[in-house]
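**Student:** Structure file my_file.txt (compact mmCIF, C-alpha atoms) right here:
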```
# COMPACT_ATOMS: atom_id res chain seq x y z
CA MET B 20 112.97 93.69 81.51
CA ALA B 21 115.15 96.77 81.78
CA SER B 22 113.17 98.84 79.29
CA ASP B 23 109.86 97.86 80.91
CA GLN B 24 111.07 98.56 84.44
CA SER B 25 112.19 102.04 83.39
CA VAL B 26 109.02 102.97 81.52
CA ALA B 27 108.13 105.83 83.85
CA THR B 28 111.69 107.08 83.95
CA TRP B 29 111.79 107.83 80.24
CA LYS B 30 108.26 109.25 80.26
CA LEU B 31 109.04 111.70 83.07
CA GLY B 32 112.39 113.27 83.77
CA PRO B 33 113.36 114.48 87.25
CA ASP B 34 112.22 118.04 86.47
CA ALA B 35 109.08 117.16 84.50
CA PRO B 36 106.10 119.40 85.32
CA GLY B 37 102.86 118.21 86.81
CA TRP B 38 104.03 116.41 89.93
CA ALA B 39 101.59 116.52 92.84
CA ILE B 40 103.62 115.51 95.90
CA ASP B 41 107.23 115.97 97.00
CA MET B 42 108.70 113.82 99.79
CA VAL B 43 111.65 111.89 101.17
CA TRP B 44 111.47 108.17 101.95
CA LYS B 45 113.86 107.22 104.75
CA ASP B 46 114.58 104.46 107.27
CA LEU B 47 113.16 101.97 104.79
CA LEU B 48 113.32 98.19 104.94
CA PHE B 49 112.24 95.82 102.15
CA MET B 50 111.14 92.35 103.31
CA HIS B 51 109.96 89.91 100.64
CA TRP B 52 108.58 86.38 100.44
CA PRO B 53 107.70 84.23 97.42
CA VAL B 54 103.98 83.45 97.19
CA ASP B 55 101.69 81.35 95.03
CA ALA B 56 101.02 83.30 91.84
CA SER B 57 97.56 81.86 91.18
CA HIS B 58 96.33 82.69 94.68
CA LEU B 59 97.85 86.14 94.43
CA GLN B 60 96.07 86.71 91.11
CA SER B 61 92.74 85.86 92.75
CA LEU B 62 93.24 88.76 95.18
CA LEU B 63 93.86 91.38 92.49
CA PRO B 64 91.24 93.57 90.83
CA SER B 65 90.28 92.90 87.24
CA GLY B 66 92.74 94.49 84.83
CA LEU B 67 95.90 93.72 86.81
CA GLU B 68 98.15 90.74 86.14
CA VAL B 69 100.66 89.27 88.58
CA ASP B 70 104.23 90.13 87.61
CA THR B 71 106.74 87.36 88.24
CA HIS B 72 110.50 86.94 88.30
CA ALA B 73 111.81 83.57 87.10
CA GLY B 74 108.25 82.30 87.43
CA ARG B 75 107.81 83.36 91.06
CA ALA B 76 105.46 85.95 92.51
CA TRP B 77 106.42 88.01 95.55
CA VAL B 78 104.79 89.93 98.38
CA GLY B 79 106.60 92.65 100.31
CA LEU B 80 106.32 94.19 103.77
CA VAL B 81 107.90 97.66 103.75
CA PRO B 82 108.17 99.89 106.84
CA PHE B 83 109.60 103.38 106.37
CA THR B 84 109.19 107.05 107.27
CA MET B 85 107.74 109.75 105.05
CA ASP B 86 109.64 112.98 105.63
CA ARG B 87 109.48 116.56 104.28
CA VAL B 88 106.12 115.83 102.66
CA ARG B 89 104.64 118.67 100.62
CA LEU B 90 101.76 118.91 98.18
CA LYS B 91 102.52 121.04 95.15
CA GLY B 92 101.48 124.65 95.50
CA LEU B 93 101.15 124.41 99.28
CA PRO B 94 103.61 125.05 102.10
CA ARG B 95 104.64 122.20 104.33
CA VAL B 96 101.84 121.72 106.85
CA PRO B 97 102.85 121.05 110.48
CA GLY B 98 101.82 117.54 111.46
CA PHE B 99 101.65 116.42 107.82
CA THR B 100 105.30 116.68 106.86
CA ARG B 101 106.58 113.59 108.68
CA PHE B 102 104.89 110.32 109.61
CA HIS B 103 105.58 106.60 109.72
CA GLU B 104 104.14 104.13 107.24
CA CYS B 105 104.13 100.38 106.58
CA ASN B 106 102.99 98.81 103.30
CA VAL B 107 101.99 95.34 102.15
CA ARG B 108 102.63 95.25 98.41
CA THR B 109 103.06 93.04 95.39
CA TYR B 110 104.14 93.42 91.78
CA VAL B 111 101.80 93.61 88.82
CA ARG B 112 101.45 94.61 85.19
CA CYS B 113 98.70 96.46 83.40
CA ASN B 114 98.83 96.70 79.62
CA GLY B 115 102.42 95.51 79.89
CA VAL B 116 103.53 98.30 82.26
CA PRO B 117 105.06 97.02 85.53
CA GLY B 118 104.17 98.58 88.84
CA VAL B 119 103.20 98.08 92.46
CA TRP B 120 99.84 97.06 93.90
CA PHE B 121 99.30 97.88 97.57
CA PHE B 122 97.11 95.58 99.62
CA SER B 123 97.39 98.02 102.52
CA LEU B 124 99.25 101.15 103.53
CA ASP B 125 99.20 101.76 107.28
CA ALA B 126 100.07 105.32 108.26
CA ALA B 127 100.20 107.25 111.50
CA ASN B 128 98.71 110.49 110.14
CA PRO B 129 94.91 110.68 109.73
CA VAL B 130 95.14 113.65 107.34
CA ALA B 131 97.57 111.75 105.11
CA VAL B 132 95.32 108.68 105.21
CA TRP B 133 92.27 110.71 104.16
CA THR B 134 94.19 112.58 101.44
CA ALA B 135 95.74 109.46 99.90
CA ARG B 136 92.44 107.56 99.92
CA LEU B 137 90.68 110.47 98.22
CA VAL B 138 93.33 111.61 95.74
CA TRP B 139 95.22 108.39 94.93
CA LYS B 140 92.43 105.87 95.72
CA LEU B 141 94.87 103.78 97.77
CA ASN B 142 93.93 101.50 100.66
CA TYR B 143 95.43 103.63 103.42
CA ILE B 144 94.60 102.61 107.00
CA PHE B 145 95.13 104.71 110.09
CA ALA B 146 97.35 102.91 112.61
CA ARG B 147 99.38 103.77 115.66
CA PHE B 148 103.15 103.49 115.46
CA ARG B 149 105.98 103.24 117.92
CA VAL B 150 109.37 103.71 116.32
CA ARG B 151 112.70 104.04 118.06
CA THR B 152 116.40 103.54 117.36
CA GLU B 153 118.84 102.47 120.04
CA ASN B 154 122.47 102.24 118.98
CA ASP B 155 122.14 100.63 115.53
CA LEU B 156 118.88 98.73 116.15
CA CYS B 157 115.63 100.14 114.72
CA THR B 158 112.42 98.93 116.38
CA TYR B 159 109.21 99.51 114.46
CA GLU B 160 105.77 98.67 115.85
CA VAL B 161 102.42 99.06 114.06
CA ARG B 162 99.00 98.51 115.58
CA ARG B 163 95.64 99.08 113.93
CA PRO B 164 92.98 100.34 116.37
CA ARG B 165 90.91 97.17 115.86
CA GLY B 166 92.94 94.72 113.87
CA ALA B 167 96.34 93.47 112.83
CA ARG B 168 99.69 94.51 114.20
CA SER B 169 103.36 94.13 113.31
CA ARG B 170 106.63 94.38 115.18
CA MET B 171 110.06 94.27 113.57
CA GLN B 172 113.65 95.13 114.39
CA TRP B 173 116.51 95.59 111.97
CA ARG B 174 120.08 96.72 111.60
CA VAL B 175 121.44 98.35 108.46
CA GLY B 176 124.62 96.88 107.02
CA GLU B 177 127.02 98.00 104.32
CA PRO B 178 125.76 99.35 100.98
CA LEU B 179 125.39 96.86 98.13
CA PRO B 180 126.40 97.40 94.49
CA PRO B 181 123.73 98.95 92.21
CA THR B 182 121.10 96.42 91.16
CA GLU B 183 121.39 95.00 87.66
CA PRO B 184 118.37 94.99 85.33
CA GLY B 185 116.99 91.47 85.26
CA SER B 186 118.10 90.68 88.82
CA LEU B 187 115.59 89.83 91.53
CA GLU B 188 116.62 92.86 93.58
CA HIS B 189 115.98 95.17 90.62
CA PHE B 190 112.62 93.52 89.97
CA LEU B 191 111.51 94.01 93.59
CA THR B 192 112.65 97.59 94.11
CA GLU B 193 112.98 99.57 90.88
CA ARG B 194 109.28 100.27 90.33
CA TYR B 195 108.09 103.62 89.01
CA CYS B 196 104.33 103.06 88.76
CA LEU B 197 101.66 102.37 91.34
CA TYR B 198 98.20 101.01 90.64
CA SER B 199 94.95 101.57 92.50
CA ALA B 200 91.36 100.56 91.85
CA SER B 201 87.96 102.03 92.58
CA ARG B 202 84.46 101.08 91.43
CA GLY B 203 85.75 98.57 88.94
CA ARG B 204 88.25 100.96 87.37
CA VAL B 205 92.04 100.79 87.47
CA TRP B 206 94.24 103.85 87.91
CA ARG B 207 97.97 104.38 87.40
CA GLY B 208 100.26 106.87 89.15
CA ILE B 209 103.91 107.56 88.41
CA VAL B 210 106.71 108.22 90.88
CA ARG B 211 110.18 109.49 90.05
CA HIS B 212 113.38 109.05 92.03
CA GLU B 213 116.98 108.05 91.59
CA PRO B 214 117.75 104.32 91.71
CA TRP B 215 117.75 102.82 95.16
CA THR B 216 120.96 102.35 97.10
CA LEU B 217 120.28 99.06 98.85
CA CYS B 218 122.13 97.87 101.94
CA ARG B 219 122.45 94.57 103.71
CA ALA B 220 119.96 94.19 106.55
CA GLU B 221 119.81 91.98 109.62
CA VAL B 222 116.28 91.42 110.96
CA PRO B 223 116.52 89.72 114.39
CA THR B 224 112.82 90.24 115.21
CA LEU B 225 109.74 89.94 113.00
CA ASP B 226 106.24 89.30 114.32
CA ASP B 227 103.79 90.32 111.62
CA GLU B 228 100.04 90.04 111.05
CA LEU B 229 99.68 92.59 108.23
CA VAL B 230 100.58 90.19 105.40
CA ARG B 231 98.13 87.60 106.70
CA ALA B 232 95.45 90.29 106.98
CA ALA B 233 95.88 90.85 103.23
CA GLY B 234 94.89 87.22 102.61
CA LEU B 235 98.41 85.85 102.09
CA GLU B 236 100.34 83.21 104.00
CA VAL B 237 104.13 83.32 103.94
CA ALA B 238 106.71 80.99 105.44
CA GLY B 239 110.36 81.19 106.33
CA PRO B 240 112.61 84.20 106.79
CA PRO B 241 112.15 87.04 104.29
CA LEU B 242 114.64 88.34 101.78
CA CYS B 243 115.71 91.62 103.39
CA HIS B 244 117.27 94.84 102.13
CA ALA B 245 117.55 98.19 103.84
CA ALA B 246 117.67 101.32 101.70
CA GLN B 247 119.27 104.72 101.91
CA PRO B 248 116.95 107.78 101.82
CA LEU B 249 115.46 108.94 98.53
CA HIS B 250 113.91 112.19 97.34
CA VAL B 251 110.67 111.34 95.51
CA HIS B 252 108.13 113.11 93.32
CA GLY B 253 104.70 111.64 92.66
CA TRP B 254 102.27 112.47 89.88
CA PRO B 255 98.44 112.38 89.99
CA ILE B 256 96.82 109.10 89.06
CA LYS B 257 95.17 108.63 85.69
CA ARG B 258 92.42 106.18 84.78
CA ILE B 259 93.48 103.32 82.51
CA ARG B 260 90.89 102.83 79.78
```
Before anything else, please render the file you have as structure tokens.
**Tutor:**
Amino acid sequence: MASDQSVATWKLGPDAPGWAIDMVWKDLLFMHWPVDASHLQSLLPSGLEVDTHAGRAWVGLVPFTMDRVRLKGLPRVPGFTRFHECNVRTYVRCNGVPGVWFFSLDAANPVAVWTARLVWKLNYIFARFRVRTENDLCTYEVRRPRGARSRMQWRVGEPLPPTEPGSLEHFLTERYCLYSASRGRVWRGIVRHEPWTLCRAEVPTLDDELVRAAGLEVAGPPLCHAAQPLHVHGWPIKRIR
């Protein structure tokens, strides 16, 4: 598991040329539920296989903020450098390489939505966000203009020890490839960052419709982890033949 999970890390070092986007991910919360693997497989495009841990498949809801966003060769563009985002994601393999498949990526910036749909072929959706922090409580609200919404609140606790390869936490978070699909073709992109520093998280409020909108039903409280900010580079996608 460890060698597979790190496949992109040994292919691309932190200073490897060719990256396309530079950004910081901050104020991030991982929320995960186990889901039926066979149903999940039926929702994936041809060429992708559900990745499981101890025989269980997982779906994640991940709100966060994109900060200091810059495309390579361009200055930071006002209005594009910082925006809120919320993803519904799961974990897959293609030709044995583990990665992330995004059912949806809601974002508050229409330029970012258009760019990501065009360049990375990802299912970005423009949505309106209301995000605020009072004392230690973060409130995060997402509403699509004509569709699903989500509201969550969380508090960040103390940092956790580094995740161990083979653990569930490592499986869910240490992913260095993303997959997208268009016109029957599958594409792979690579991201590079230092390992996550996960923290305990308390989630007193969660009222979500985004996971259900992806065609998945979940039950019970999620497995929750907050994360400290990360500096991230992303490479252009390449078609998998």
**Student:** If we count all atoms listed in the file, what is near Ala238 of chain B at a cut-off of 12 Å, once residues fewer than 3 positions away on the same chain are taken out, given as a ChimeraX atom specification?
**Tutor:** /B:51-55,78,227,230-231,235,241-242
**Student:** Might you pull out every residue within 9 Å of Pro164 of chain B, with all atoms listed in the file counted and same-chain residues fewer than 3 positions away left off, and present them as a PDB file with C-alpha atoms, in the frame of the given file?
**Tutor:**
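Ended up saving to result-v2.pdb:
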```
ATOM      1  CA  PHE B 145      95.130 104.710 110.090  1.00  0.00           C
ATOM      2  CA  ALA B 146      97.350 102.910 112.610  1.00  0.00           C
ATOM      3  CA  ARG B 147      99.380 103.770 115.660  1.00  0.00           C
ATOM      4  CA  ALA B 167      96.340  93.470 112.830  1.00  0.00           C
TER       5      ALA B 167
END
```
**Student:** Hey, which of B:Asp226, B:Glu193, B:Glu221, B:Glu153 ends up closest to Tyr110 of chain B? Count only C-alpha atoms.
**Tutor:**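 Of B:Asp226, B:Glu193, B:Glu221, B:Glu153, the one nearest Tyr110 of chain B is B:Glu193, counting only C-alpha atoms.
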**Student:** Which distance in Å separates atom CA of Ile209 of chain B and atom CA of Gly253 of chain B, to one decimal?
**Tutor:**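 Interatomic distance here is 5.9 Å.
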**Student:** Between atom CA of Arg112 of chain B and atom CA of Glu213 of chain B, what is the distance in Å, rounded to a tenth?
**Tutor:**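 According to the coordinates, atom CA of Arg112 of chain B and atom CA of Glu213 of chain B are separated by 21.5 Å.
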**Student:** Would you list the residues near (94.2, 99.5, 83.3) (no more than 8 Å away, in the coordinates of the file, using all atoms listed in the file) as a compact mmCIF listing (two decimals) with C-alpha atoms, in the frame of the given file?
**Tutor:**
```txt
# COMPACT_ATOMS: atom_id res chain seq x y z
CA GLY B 66 92.74 94.49 84.83
CA LEU B 67 95.90 93.72 86.81
CA CYS B 113 98.70 96.46 83.40
CA ASN B 114 98.83 96.70 79.62
CA ARG B 204 88.25 100.96 87.37
CA VAL B 205 92.04 100.79 87.47
CA TRP B 206 94.24 103.85 87.91
CA ARG B 207 97.97 104.38 87.40
CA ARG B 258 92.42 106.18 84.78
CA ILE B 259 93.48 103.32 82.51
CA ARG B 260 90.89 102.83 79.78
```
**Student:** For atom CA of Asn106 of chain B and atom CA of Val132 of chain B, determine how far apart the two atoms are, in Å to one decimal place.
**Tutor:** 12.6 Å
**Student:** To box segment 236-246 of chain B, take all atoms listed in the file, fit an axis-aligned box, add 3 Å on each side, and give centre and edge lengths in Å to one decimal, as AutoDock Vina command-line options.
**Tutor:**
```
--center_x 109.0 --center_y 91.2 --center_z 104.2 --size_x 23.3 --size_y 26.3 --size_z 11.1
```
**Student:** From the set B:Arg219, B:Arg194, B:Arg170, B:Arg162, which residue has the shortest atom-to-atom contact distance to Gly118 of chain B, counting all atoms listed in the file?
**Tutor:**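 Counting all atoms listed in the file, the residue closest to Gly118 of chain B is B:Arg194.
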**Student:** Write out as a PyMOL selection string each polymer residue whose atoms come within 12 Å of Gly176 of chain B, counting all atoms listed in the file; drop sequence neighbours fewer than 3 positions from it.
**Tutor:** chain B and resi 48+155-156+173+179+216-222+243-247
**Student:** If we count only C-alpha atoms and set the cut-off at 9 Å, which residues sit around Leu59 of chain B, ignoring sequence neighbours fewer than 2 positions away in its own chain? Please answer as JSON, numbers by chain.
**Tutor:** {"B": [54, 55, 56, 57, 61, 62, 63, 69, 76, 77, 78, 109, 234, 235]}
**Student:** Between B:Leu90, B:Leu187, B:Ala200, B:Leu249, which residue has the minimum interatomic distance to Arg136 of chain B, considering only C-alpha atoms?
**Tutor:**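 Checking each of B:Leu90, B:Leu187, B:Ala200, B:Leu249 against Arg136 of chain B, counting only C-alpha atoms, the winner is B:Ala200.
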